[in-house]
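Novice: Quick one, structure.csv (CSV, C-alpha atoms):
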chain,number,residue,atom,x,y,z
A,635,THR,CA,111.6,128.1,98.6
A,636,GLN,CA,115.2,129.3,98.1
A,637,ALA,CA,115.7,129.5,101.9
A,638,LEU,CA,114.5,125.9,102.3
A,639,VAL,CA,116.8,124.8,99.5
A,640,GLY,CA,119.7,126.5,101.1
A,641,ASP,CA,119.0,124.9,104.4
A,642,ALA,CA,118.7,121.4,102.9
A,643,PRO,CA,121.9,119.9,104.4
A,644,LEU,CA,120.8,120.9,107.9
A,645,LEU,CA,117.2,119.6,107.2
A,646,VAL,CA,118.7,116.3,106.0
A,647,VAL,CA,120.6,115.8,109.3
A,648,ILE,CA,117.6,116.8,111.5
A,649,THR,CA,115.0,114.7,109.7
A,650,GLU,CA,117.3,111.7,109.4
A,651,VAL,CA,118.0,111.7,113.2
A,652,ALA,CA,114.2,112.1,113.8
A,653,VAL,CA,113.4,109.1,111.6
A,654,LEU,CA,116.1,107.0,113.2
A,655,ILE,CA,114.8,107.7,116.7
A,656,SER,CA,111.2,106.8,115.7
A,657,LEU,CA,112.2,103.7,113.7
A,658,PHE,CA,114.2,102.2,116.7
A,659,ALA,CA,111.1,102.9,118.9
A,660,VAL,CA,108.8,101.2,116.4
A,661,GLY,CA,111.2,98.2,116.2
A,662,ILE,CA,111.1,97.7,119.9
A,663,ARG,CA,107.4,97.9,120.0
A,664,LEU,CA,106.9,95.4,117.1
A,665,ARG,CA,107.0,91.9,118.6
A,666,VAL,CA,105.9,89.9,115.5
A,667,PRO,CA,106.7,86.2,115.3
A,668,PRO,CA,109.3,85.4,112.6
A,669,THR,CA,106.8,83.8,110.2
A,670,TRP,CA,105.9,84.6,106.6
A,671,ARG,CA,102.2,85.0,107.4
A,672,ALA,CA,102.9,87.5,110.2
A,673,TRP,CA,105.3,89.7,108.1
A,674,ALA,CA,103.9,89.1,104.6
A,675,PRO,CA,101.5,92.1,104.5
A,676,ALA,CA,104.1,94.6,105.6
A,677,LEU,CA,106.8,93.1,103.4
A,678,LEU,CA,104.5,93.2,100.4
A,679,LEU,CA,103.5,96.8,101.1
A,680,ALA,CA,107.1,98.0,101.7
A,681,GLY,CA,108.4,96.1,98.6
A,682,PRO,CA,106.1,95.6,95.6
A,683,GLY,CA,103.6,98.1,97.2
A,684,MET,CA,106.3,100.8,97.3
A,685,ALA,CA,107.0,100.2,93.6
A,686,VAL,CA,103.3,100.4,92.7
A,687,THR,CA,102.9,103.6,94.7
A,688,ILE,CA,105.9,105.3,93.1
A,689,GLY,CA,104.8,104.3,89.6
A,690,LEU,CA,101.2,105.5,90.0
A,691,ALA,CA,102.3,108.7,91.8
A,692,ALA,CA,104.8,109.3,88.9
A,693,LEU,CA,102.1,109.0,86.3
A,694,LEU,CA,99.8,111.3,88.3
A,695,GLY,CA,102.6,113.9,88.7
A,696,HIS,CA,103.3,113.8,84.9
A,697,TRP,CA,99.7,114.2,84.1
A,698,LEU,CA,98.5,116.7,86.7
A,699,LEU,CA,101.6,118.8,87.4
A,700,ALA,CA,103.2,118.5,83.9
A,701,LEU,CA,106.5,117.2,85.4
A,702,SER,CA,108.9,115.2,83.4
A,703,LEU,CA,108.7,111.5,84.1
A,704,PRO,CA,112.0,111.5,86.1
A,705,ALA,CA,110.9,114.5,88.1
A,706,ALA,CA,107.4,112.9,88.7
A,707,MET,CA,109.1,109.7,89.7
A,708,LEU,CA,111.2,111.6,92.2
A,709,LEU,CA,108.0,113.2,93.7
A,710,GLY,CA,106.4,109.8,93.9
A,711,ALA,CA,109.4,108.3,95.7
A,712,ILE,CA,109.5,111.2,98.1
A,713,LEU,CA,105.9,110.7,99.0
A,714,ALA,CA,105.8,106.9,99.0
A,715,PRO,CA,106.9,106.1,102.5
A,716,THR,CA,104.3,106.1,105.3
A,717,ASP,CA,105.0,107.4,108.8
A,718,PRO,CA,104.9,105.3,111.9
A,719,VAL,CA,105.1,108.4,114.2
A,720,LEU,CA,102.0,110.3,112.8
A,721,ALA,CA,100.2,107.0,112.8
A,722,SER,CA,100.3,106.9,116.6
A,723,ASP,CA,96.5,106.4,116.9
A,724,VAL,CA,96.6,103.3,114.7
A,725,GLN,CA,100.1,101.8,115.3
A,726,LEU,CA,100.8,99.2,118.0
A,727,ARG,CA,100.2,100.7,121.4
A,728,SER,CA,102.5,98.4,123.3
A,729,ASN,CA,104.9,95.5,122.8
A,730,ALA,CA,102.2,93.1,123.6
A,731,ASP,CA,99.7,94.3,121.0
A,732,SER,CA,99.2,92.0,118.0
A,733,GLU,CA,96.1,93.3,116.2
A,734,PRO,CA,96.6,92.7,112.4
A,735,VAL,CA,95.8,96.2,111.1
A,736,ARG,CA,98.0,97.9,113.8
A,737,THR,CA,100.8,95.3,113.2
A,738,THR,CA,100.7,95.8,109.4
A,739,ILE,CA,100.7,99.6,109.6
A,740,THR,CA,103.4,99.7,112.2
A,741,ALA,CA,105.7,97.3,110.4
A,742,GLU,CA,105.1,98.9,107.0
A,743,GLY,CA,106.0,102.3,108.4
A,744,GLY,CA,109.1,100.8,109.9
A,745,MET,CA,110.4,99.3,106.7
A,746,ASN,CA,109.3,101.6,103.9
A,747,ASP,CA,111.4,104.6,105.0
A,748,GLY,CA,114.4,102.5,103.9
A,749,SER,CA,112.8,100.9,100.9
A,750,ALA,CA,112.0,104.3,99.3
A,751,LEU,CA,115.8,105.0,98.9
A,752,PRO,CA,116.3,103.1,95.6
A,753,GLY,CA,113.4,104.9,94.0
A,754,VAL,CA,114.7,108.3,95.1
A,755,MET,CA,118.2,107.5,93.9
A,756,LEU,CA,117.0,106.1,90.5
A,757,ALA,CA,114.9,109.3,89.9
A,758,LEU,CA,117.9,111.5,90.8
A,759,GLY,CA,120.0,109.5,88.4
A,760,LEU,CA,117.5,109.9,85.6
A,761,LEU,CA,117.7,113.7,86.4
A,762,ASP,CA,121.5,113.6,86.1
A,763,MET,CA,122.0,114.3,89.8
A,764,HIS,CA,123.4,110.9,90.7
A,765,ASP,CA,125.6,108.4,88.9
A,766,LEU,CA,123.7,105.2,88.0
A,767,GLY,CA,126.7,103.5,86.5
A,768,GLU,CA,126.9,101.7,83.2
A,769,GLY,CA,123.7,99.7,82.6
A,770,TRP,CA,122.5,101.1,86.0
A,771,ARG,CA,125.0,98.7,87.6
A,772,HIS,CA,125.9,101.3,90.3
A,773,TRP,CA,122.2,101.7,91.1
A,774,TRP,CA,121.5,97.9,91.3
A,775,VAL,CA,124.4,97.3,93.7
A,776,SER,CA,125.1,100.5,95.6
A,777,ASP,CA,121.5,102.0,95.8
A,778,LEU,CA,119.3,98.9,96.0
A,779,LEU,CA,120.9,95.5,96.8
A,780,TRP,CA,123.6,96.6,99.3
A,781,PRO,CA,121.8,99.4,101.2
A,782,ILE,CA,118.6,97.4,101.6
A,783,GLY,CA,119.9,93.9,101.7
A,784,GLY,CA,123.0,94.7,103.7
A,785,GLY,CA,121.0,96.8,106.2
A,786,ALA,CA,118.5,93.9,106.5
A,787,VAL,CA,121.4,91.6,107.6
A,788,ILE,CA,123.5,94.1,109.6
A,789,GLY,CA,120.6,95.6,111.5
A,790,PRO,CA,119.3,92.3,113.0
A,791,ALA,CA,122.8,91.1,113.7
A,792,GLY,CA,123.6,94.4,115.5
A,793,GLY,CA,120.4,94.3,117.5
A,794,TRP,CA,120.9,90.7,118.5
A,795,LEU,CA,124.5,91.4,119.5
A,796,LEU,CA,123.4,94.3,121.7
A,797,GLY,CA,120.7,92.2,123.2
A,798,ALA,CA,123.2,89.5,123.9
A,799,VAL,CA,125.4,92.0,125.8
A,800,LEU,CA,122.3,93.1,127.8
A,801,ARG,CA,121.6,89.4,128.6
A,802,TRP,CA,125.1,88.9,129.8
A,803,ARG,CA,124.9,92.0,132.0
A,804,ALA,CA,121.5,90.9,133.3
A,805,ARG,CA,122.8,87.5,134.3
A,806,ALA,CA,125.7,89.3,136.0
A,807,GLY,CA,123.2,91.2,138.2
A,808,ASP,CA,122.9,94.4,136.3
A,809,PRO,CA,119.3,95.8,136.8
A,810,LEU,CA,119.4,97.3,133.3
A,811,LEU,CA,118.0,100.7,134.4
A,812,ARG,CA,120.0,103.0,132.1
A,813,ASP,CA,117.3,103.1,129.4
A,814,GLU,CA,118.0,106.7,128.2
A,815,LEU,CA,121.7,105.9,127.6
A,816,LEU,CA,120.9,102.6,126.0
A,817,TYR,CA,118.3,104.1,123.7
A,818,VAL,CA,120.4,107.0,122.5
A,819,GLY,CA,123.6,104.9,122.3
A,820,ALA,CA,121.8,102.2,120.2
A,821,VAL,CA,120.5,104.8,117.7
A,822,ALA,CA,123.9,106.4,117.5
A,823,LEU,CA,125.5,103.0,117.0
A,824,CYS,CA,123.1,102.1,114.2
A,825,TYR,CA,123.8,105.5,112.5
A,826,GLY,CA,127.6,105.0,112.8
A,827,ILE,CA,127.5,101.5,111.4
A,828,SER,CA,125.3,102.4,108.5
A,829,LEU,CA,127.7,105.3,107.5
A,830,ALA,CA,130.8,103.2,107.8
A,831,LEU,CA,129.3,100.3,105.7
A,832,GLU,CA,127.2,102.5,103.4
A,833,VAL,CA,123.9,100.7,104.1
A,834,SER,CA,120.5,102.3,104.8
A,835,SER,CA,120.5,103.7,108.3
A,836,PHE,CA,116.7,103.4,108.4
A,837,VAL,CA,116.8,99.7,107.7
A,838,VAL,CA,119.5,99.2,110.3
A,839,ALA,CA,117.8,101.1,113.0
A,840,PHE,CA,114.4,99.5,112.5
A,841,ALA,CA,115.8,95.9,112.3
A,842,ALA,CA,118.0,96.5,115.3
A,843,GLY,CA,115.0,97.7,117.3
A,844,VAL,CA,113.1,94.5,116.3
A,845,LEU,CA,115.8,92.2,117.5
A,846,VAL,CA,117.4,93.9,120.5
A,847,MET,CA,115.1,92.4,123.1
A,848,ARG,CA,115.0,88.9,121.7
A,849,PRO,CA,118.1,87.5,123.5
A,850,LEU,CA,116.6,88.6,126.8
A,851,GLU,CA,113.4,86.7,126.3
A,852,THR,CA,114.4,83.6,128.3
A,853,ASP,CA,112.5,82.3,131.3
A,854,GLU,CA,114.8,83.6,134.0
A,855,LEU,CA,115.2,87.0,132.4
A,856,GLU,CA,111.7,87.6,131.1
A,857,PRO,CA,110.6,90.0,133.9
A,858,LYS,CA,113.7,92.1,133.3
A,859,ALA,CA,113.2,92.0,129.6
A,860,GLN,CA,109.6,93.1,129.8
A,861,ALA,CA,110.4,95.9,132.2
A,862,LEU,CA,113.3,97.2,130.0
A,863,ALA,CA,111.1,97.0,126.9
A,864,GLU,CA,108.4,99.0,128.6
A,865,ARG,CA,110.9,101.7,129.7
A,866,LEU,CA,112.5,101.9,126.2
A,867,HIS,CA,109.0,102.1,124.7
A,868,ASP,CA,108.0,104.9,127.0
A,869,PHE,CA,111.3,106.8,126.4
A,870,GLY,CA,110.9,106.4,122.6
A,871,GLU,CA,107.3,107.4,122.7
A,872,ARG,CA,108.2,110.7,124.4
A,873,PHE,CA,110.7,111.4,121.6
A,874,GLU,CA,108.1,110.5,119.0
A,875,ARG,CA,105.6,113.0,120.5
A,876,LEU,CA,108.3,115.7,120.3
A,877,ILE,CA,109.0,114.7,116.7
A,878,GLU,CA,105.4,114.7,115.8
A,879,ALA,CA,104.8,118.2,117.3
A,880,ALA,CA,107.9,119.6,115.6
A,881,MET,CA,106.9,118.1,112.2
A,882,VAL,CA,103.4,119.6,112.3
A,883,LEU,CA,104.9,122.9,113.3
A,884,PHE,CA,107.4,122.8,110.5
A,885,VAL,CA,104.8,122.0,107.9
A,886,GLY,CA,102.5,124.8,109.1
A,887,VAL,CA,105.4,127.4,109.0
A,888,ALA,CA,106.8,126.1,105.6
A,889,LEU,CA,103.4,126.3,103.9
A,890,HIS,CA,103.5,130.1,104.3
A,891,SER,CA,106.8,130.3,102.3
A,892,VAL,CA,105.6,128.3,99.3
A,893,ALA,CA,103.1,129.2,96.6
A,894,ILE,CA,100.4,126.6,96.6
A,895,GLY,CA,98.3,126.0,93.5
A,896,PRO,CA,95.0,124.1,93.0
A,897,MET,CA,96.8,121.3,91.1
A,898,HIS,CA,99.0,120.6,94.1
A,899,LEU,CA,95.9,120.1,96.2
A,900,VAL,CA,94.3,117.8,93.6
A,901,TYR,CA,97.5,115.8,93.4
A,902,ALA,CA,97.7,115.4,97.2
A,903,LEU,CA,94.0,114.3,97.4
A,904,ALA,CA,94.5,111.8,94.5
A,905,LEU,CA,97.6,110.4,96.2
A,906,LEU,CA,95.8,109.8,99.5
A,907,LEU,CA,92.4,108.8,98.2
A,908,VAL,CA,93.3,106.8,95.0
A,909,VAL,CA,97.0,105.9,94.7
A,910,ARG,CA,97.4,104.6,98.3
A,911,PRO,CA,94.3,102.4,98.2
A,912,LEU,CA,95.1,101.0,94.7
A,913,SER,CA,98.7,100.1,95.7
A,914,VAL,CA,97.5,98.3,98.8
A,915,LEU,CA,94.7,96.4,97.0
A,916,ALA,CA,97.1,95.5,94.2
A,917,VAL,CA,99.6,93.7,96.5
A,918,LEU,CA,97.4,92.4,99.4
A,919,HIS,CA,94.9,89.6,98.9
A,920,GLY,CA,92.1,88.4,101.2
A,921,ARG,CA,94.1,85.4,102.5
A,922,LEU,CA,96.6,87.8,104.2
A,923,LEU,CA,94.1,90.3,105.5
A,924,PRO,CA,90.3,90.2,105.4
A,925,GLY,CA,88.5,92.8,103.3
A,926,ARG,CA,87.6,95.2,106.1
A,927,GLN,CA,91.2,95.1,107.5
A,928,ARG,CA,92.6,95.7,104.0
A,929,LEU,CA,90.5,98.7,103.5
A,930,LEU,CA,91.7,100.2,106.8
A,931,VAL,CA,95.3,99.6,105.8
A,932,ALA,CA,94.6,101.2,102.4
A,933,TRP,CA,93.2,104.3,104.0
A,934,PHE,CA,96.0,104.8,106.6
A,935,GLY,CA,98.8,105.7,104.2
A,936,ILE,CA,100.0,108.5,106.5
A,937,ARG,CA,102.7,110.7,105.1
A,938,GLY,CA,105.2,112.3,107.4
A,939,ILE,CA,108.8,112.8,108.5
A,940,GLY,CA,110.3,110.3,106.0
A,941,SER,CA,108.9,112.4,103.1
A,942,LEU,CA,110.5,115.5,104.6
A,943,PHE,CA,113.9,113.7,104.8
A,944,TYR,CA,113.8,112.6,101.2
A,945,LEU,CA,112.6,116.0,100.1
A,946,ALA,CA,115.6,117.6,101.8
A,947,PHE,CA,117.9,114.8,100.5
A,948,ALA,CA,116.8,115.6,96.9
A,949,MET,CA,117.5,119.3,97.3
A,950,GLU,CA,120.9,118.5,98.8
A,951,HIS,CA,121.6,116.5,95.7
A,952,GLY,CA,121.0,119.5,93.4
A,953,VAL,CA,117.2,119.9,93.0
A,954,SER,CA,116.5,123.6,92.8
A,955,GLY,CA,114.5,126.3,91.0
A,956,THR,CA,111.1,125.4,89.6
A,957,LEU,CA,111.4,121.7,90.3
A,958,ALA,CA,112.3,122.4,94.0
A,959,HIS,CA,109.2,124.6,94.3
A,960,GLU,CA,106.9,121.9,92.8
A,961,LEU,CA,108.3,119.2,95.1
A,962,LEU,CA,108.1,121.5,98.1
A,963,ALA,CA,104.6,122.7,97.4
A,964,THR,CA,103.2,119.2,96.6
A,965,THR,CA,104.9,117.5,99.5
A,966,LEU,CA,103.9,120.1,102.1
A,967,VAL,CA,100.2,120.0,100.9
A,968,CYS,CA,100.2,116.2,101.0
A,969,LEU,CA,101.6,116.2,104.5
A,970,ALA,CA,99.1,118.8,105.8
A,971,LEU,CA,96.2,116.9,104.2
A,972,SER,CA,97.4,113.6,105.7
A,973,ILE,CA,97.7,115.2,109.1
A,974,VAL,CA,94.2,116.5,109.0
A,975,LEU,CA,92.3,113.7,107.2
A,976,HIS,CA,94.1,110.8,109.0
A,977,GLY,CA,94.2,112.6,112.3
A,978,VAL,CA,90.4,113.2,112.3
A,979,SER,CA,89.5,109.7,111.1
A,980,ALA,CA,92.0,107.5,113.0
A,981,GLN,CA,90.3,106.9,116.3
A,982,PRO,CA,86.7,106.6,115.0
A,983,LEU,CA,87.7,104.1,112.2
A,984,VAL,CA,89.9,102.0,114.5
A,985,ARG,CA,87.3,102.0,117.2
A,986,ALA,CA,84.6,100.9,114.8
A,987,ALA,CA,86.9,98.1,113.4
A,988,GLU,CA,87.7,96.8,116.9
A,989,ASP,CA,84.0,96.8,117.9
A,990,HIS,CA,83.2,94.9,114.7
A,991,GLU,CA,85.9,92.3,115.6
A,992,LEU,CA,84.5,92.0,119.1
A,993,HIS,CA,81.0,91.4,117.7
A,994,GLN,CA,82.3,88.8,115.3
A,995,GLU,CA,84.1,87.0,118.1
A,996,ALA,CA,81.0,87.1,120.3
A,997,ALA,CA,78.8,85.8,117.5
A,998,SER,CA,81.1,82.9,116.8
A,999,ARG,CA,81.1,81.6,120.4
Take the structure in the file and write it out as structure tokens.

Specialist:
Amino acid sequence: TQALVGDAPLLVVITEVAVLISLFAVGIRLRVPPTWRAWAPALLLAGPGMAVTIGLAALLGHWLLALSLPAAMLLGAILAPTDPVLASDVQLRSNADSEPVRTTITAEGGMNDGSALPGVMLALGLLDMHDLGEGWRHWWVSDLLWPIGGGAVIGPAGGWLLGAVLRWRARAGDPLLRDELLYVGAVALCYGISLALEVSSFVVAFAAGVLVMRPLETDELEPKAQALAERLHDFGERFERLIEAAMVLFVGVALHSVAIGPMHLVYALALLLVVRPLSVLAVLHGRLLPGRQRLLVAWFGIRGIGSLFYLAFAMEHGVSGTLAHELLATTLVCLALSIVLHGVSAQPLVRAAEDHELHQEAASR
């Protein structure tokens, strides 16, 4: 535990870069029309659903692990975001995919890495490891409204501007073949802008990825746009696979350095089997997603690299000793269980759901 706490600053950098790379890739893949109905399920899950998840997880941590409420809230905020990388079997497979469950899981995973930040900062403030300001004014402005709201404005604007530059180059005859440089440069630009303006780098990277191809989607440039999107998608997917393998390896190695107790396992099971489904069912109603699709989304609350980032972030901000051990042990057990349970069940459940949809379509004809 002490070695991991000491390496927290390095882990913060590594995991943040990994999340940024995956979020930009998810954004490029997510071609959702700009309508409330298309975005509502993911927005509700990444907003109110995130708050419900943190609240229920905090109560669970206070009850099962005997943590103080602020410490339990920190644990809940660390484990609240879902992972679009480890959800590779159920996320969107290409930029042309539009299946509702895949769209919701992919968009939620793209947004909630950023929306978990205010919960983490609030918990750290209640633990006297972060300044919340008088009347929590600093938290409201500097940890919630500006990082999330500012990122939600700056990210799309930056993505659209980059897309406009690409459109200008395409019309000037550029074949737009430098996908590796474009991908890495875009992620680095998102990171630099977010640091300079103190907004959430995760929100900026995801939103920029969503918008970057839109200016190219005109009749005369559509073939080039589709080809570039596919190349960027393939390049990002290779990165995602490396990140996925590295994360699984890290969790496996780190588990050997932390003492795991039975209550850590009980907490992790309750989070995946009870808290996640309840939070989804609490914020999504049948008019947004039918019952079977809602149940699938409720099950696939896959934990991953975002939780590792916030765990390292908390330790960098002063979490140590017994609390650091509890956070490490519970987070690592939850990630390991998620990898196993969701990994085993992903393809059979998704295949069954798609077969059911096909039968329904055939019966309605």

Novice: Quick one: residues within 10 Å of Leu889 of chain A, all atoms listed in the file counted, chain neighbours fewer than 3 positions away excluded, as a list of chain:residue names?

Specialist: A:Thr635, A:Phe884, A:Val885, A:Gly886, A:Val892, A:Ala893, A:Ile894, A:Leu962, A:Ala963, A:Thr965, A:Leu966, A:Val967, A:Ala970

Novice: Given only C-alpha atoms as the basis, pick out the residue of A:Leu969, A:Leu760, A:Met847, A:Ala830 nearest to Gln860 of chain A.

Specialist: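 Using only C-alpha atoms, the shortest distance to Gln860 of chain A belongs to A:Met847.
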
Novice: With distances taken over all atoms listed in the file, which of A:Arg848, A:Arg937, A:Arg801, A:Arg812 is nearest to Met881 of chain A?

Specialist: A:Arg937

Novice: Between A:Asp641, A:Asp717, A:Asp765, A:Glu650, single out the one closest to Tyr825 of chain A, counting only C-alpha atoms.

Specialist: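 Closest residue, counting only C-alpha atoms: A:Glu650.
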
Novice: Figure out the distance between atom CA of Glu742 of chain A and atom CA of Ala839 of chain A, please, to one decimal in Å.

Specialist: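 It comes out at 14.2 Å.
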
Novice: A:Thr740, A:Leu961, A:Leu850, A:Gly895: which is nearest Met949 of chain A, counting all atoms listed in the file?

Specialist: A:Leu961

Novice: So which one's closest to Ala637 of chain A, A:Ala916, A:Leu983, A:Leu709, A:Ala946? Using all atoms listed in the file, please.

Specialist: A:Ala946

Novice: Using all atoms listed in the file, can you tell me which of A:Leu645, A:Leu811, A:Val653, A:Met684 comes closest to Leu912 of chain A?

Specialist: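 Once distances to Leu912 of chain A are computed over all atoms listed in the file, the minimum belongs to A:Met684.
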
Novice: For Leu795 of chain A, find every residue with an atom within 9 Å (counting all atoms listed in the file), except residues of its own chain fewer than 4 positions away, and show them as a ChimeraX atom specification.

Specialist: /A:790-791,799-800,845-846,849

Novice: Residues at most 8 Å from Met707 of chain A, counting all atoms listed in the file, excluding those fewer than 5 positions away in the same chain, as a ChimeraX atom specification?

Specialist: /A:688-689,691-693,695,753-754,757

Novice: Suppose you want the space between atom CA of Glu874 of chain A and atom CA of Ser656 of chain A; what is it in Å?

Specialist: 5.8 Å

Novice: Using all atoms listed in the file, which residues sit within 10 Å of segment 814-817 of chain A once same-chain residues fewer than 2 positions away are excluded, as a compact mmCIF listing (two decimals) with C-alpha atoms, keeping the file's coordinate frame?

Specialist:
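Produced file selection-v9.txt, reproduced below:
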# COMPACT_ATOMS: atom_id res chain seq x y z
CA ILE A 655 114.80 107.70 116.70
CA PHE A 658 114.20 102.20 116.70
CA ALA A 659 111.10 102.90 118.90
CA LEU A 796 123.40 94.30 121.70
CA LEU A 800 122.30 93.10 127.80
CA LEU A 810 119.40 97.30 133.30
CA LEU A 811 118.00 100.70 134.40
CA ARG A 812 120.00 103.00 132.10
CA GLY A 819 123.60 104.90 122.30
CA ALA A 820 121.80 102.20 120.20
CA VAL A 821 120.50 104.80 117.70
CA ALA A 822 123.90 106.40 117.50
CA LEU A 823 125.50 103.00 117.00
CA GLY A 843 115.00 97.70 117.30
CA ARG A 865 110.90 101.70 129.70
CA LEU A 866 112.50 101.90 126.20
CA HIS A 867 109.00 102.10 124.70
CA PHE A 869 111.30 106.80 126.40
CA GLY A 870 110.90 106.40 122.60

Novice: For atom CA of Thr738 of chain A and atom CA of Glu864 of chain A, quote the distance in Å rounded to one decimal.

Specialist: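 Computed distance, atom CA of Thr738 of chain A to atom CA of Glu864 of chain A, equals 20.9 Å.
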
Novice: Which residues come within 9 Å of Leu905 of chain A, counting all atoms listed in the file, excluding same-chain residues fewer than 6 positions away, as a list of chain:residue names?

Specialist: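 Neighbouring residues, sequence-local ones excluded: A:Thr687, A:Leu690, A:Ala691, A:Leu694, A:Leu713, A:Pro911, A:Cys968.
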
Novice: Show me the residues around (114.4, 110.9, 95.6) - criterion: an atom at most 10 Å away, all atoms listed in the file counted - as a ChimeraX atom specification.

Specialist: /A:704-705,707-713,750-759,941,943-949,951,953

Novice: Keeping C-alpha atoms for every residue in the selection just given, could you write it to a file as a short mmCIF file (atom, residue, chain, number, x, y, z; two decimals), keeping the file's coordinate frame?

Specialist:
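Everything below was put into selection.cif:
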data_model
loop_
_atom_site.label_atom_id
_atom_site.label_comp_id
_atom_site.auth_asym_id
_atom_site.auth_seq_id
_atom_site.Cartn_x
_atom_site.Cartn_y
_atom_site.Cartn_z
CA PRO A 704 112.00 111.50 86.10
CA ALA A 705 110.90 114.50 88.10
CA MET A 707 109.10 109.70 89.70
CA LEU A 708 111.20 111.60 92.20
CA LEU A 709 108.00 113.20 93.70
CA GLY A 710 106.40 109.80 93.90
CA ALA A 711 109.40 108.30 95.70
CA ILE A 712 109.50 111.20 98.10
CA LEU A 713 105.90 110.70 99.00
CA ALA A 750 112.00 104.30 99.30
CA LEU A 751 115.80 105.00 98.90
CA PRO A 752 116.30 103.10 95.60
CA GLY A 753 113.40 104.90 94.00
CA VAL A 754 114.70 108.30 95.10
CA MET A 755 118.20 107.50 93.90
CA LEU A 756 117.00 106.10 90.50
CA ALA A 757 114.90 109.30 89.90
CA LEU A 758 117.90 111.50 90.80
CA GLY A 759 120.00 109.50 88.40
CA SER A 941 108.90 112.40 103.10
CA PHE A 943 113.90 113.70 104.80
CA TYR A 944 113.80 112.60 101.20
CA LEU A 945 112.60 116.00 100.10
CA ALA A 946 115.60 117.60 101.80
CA PHE A 947 117.90 114.80 100.50
CA ALA A 948 116.80 115.60 96.90
CA MET A 949 117.50 119.30 97.30
CA HIS A 951 121.60 116.50 95.70
CA VAL A 953 117.20 119.90 93.00
#
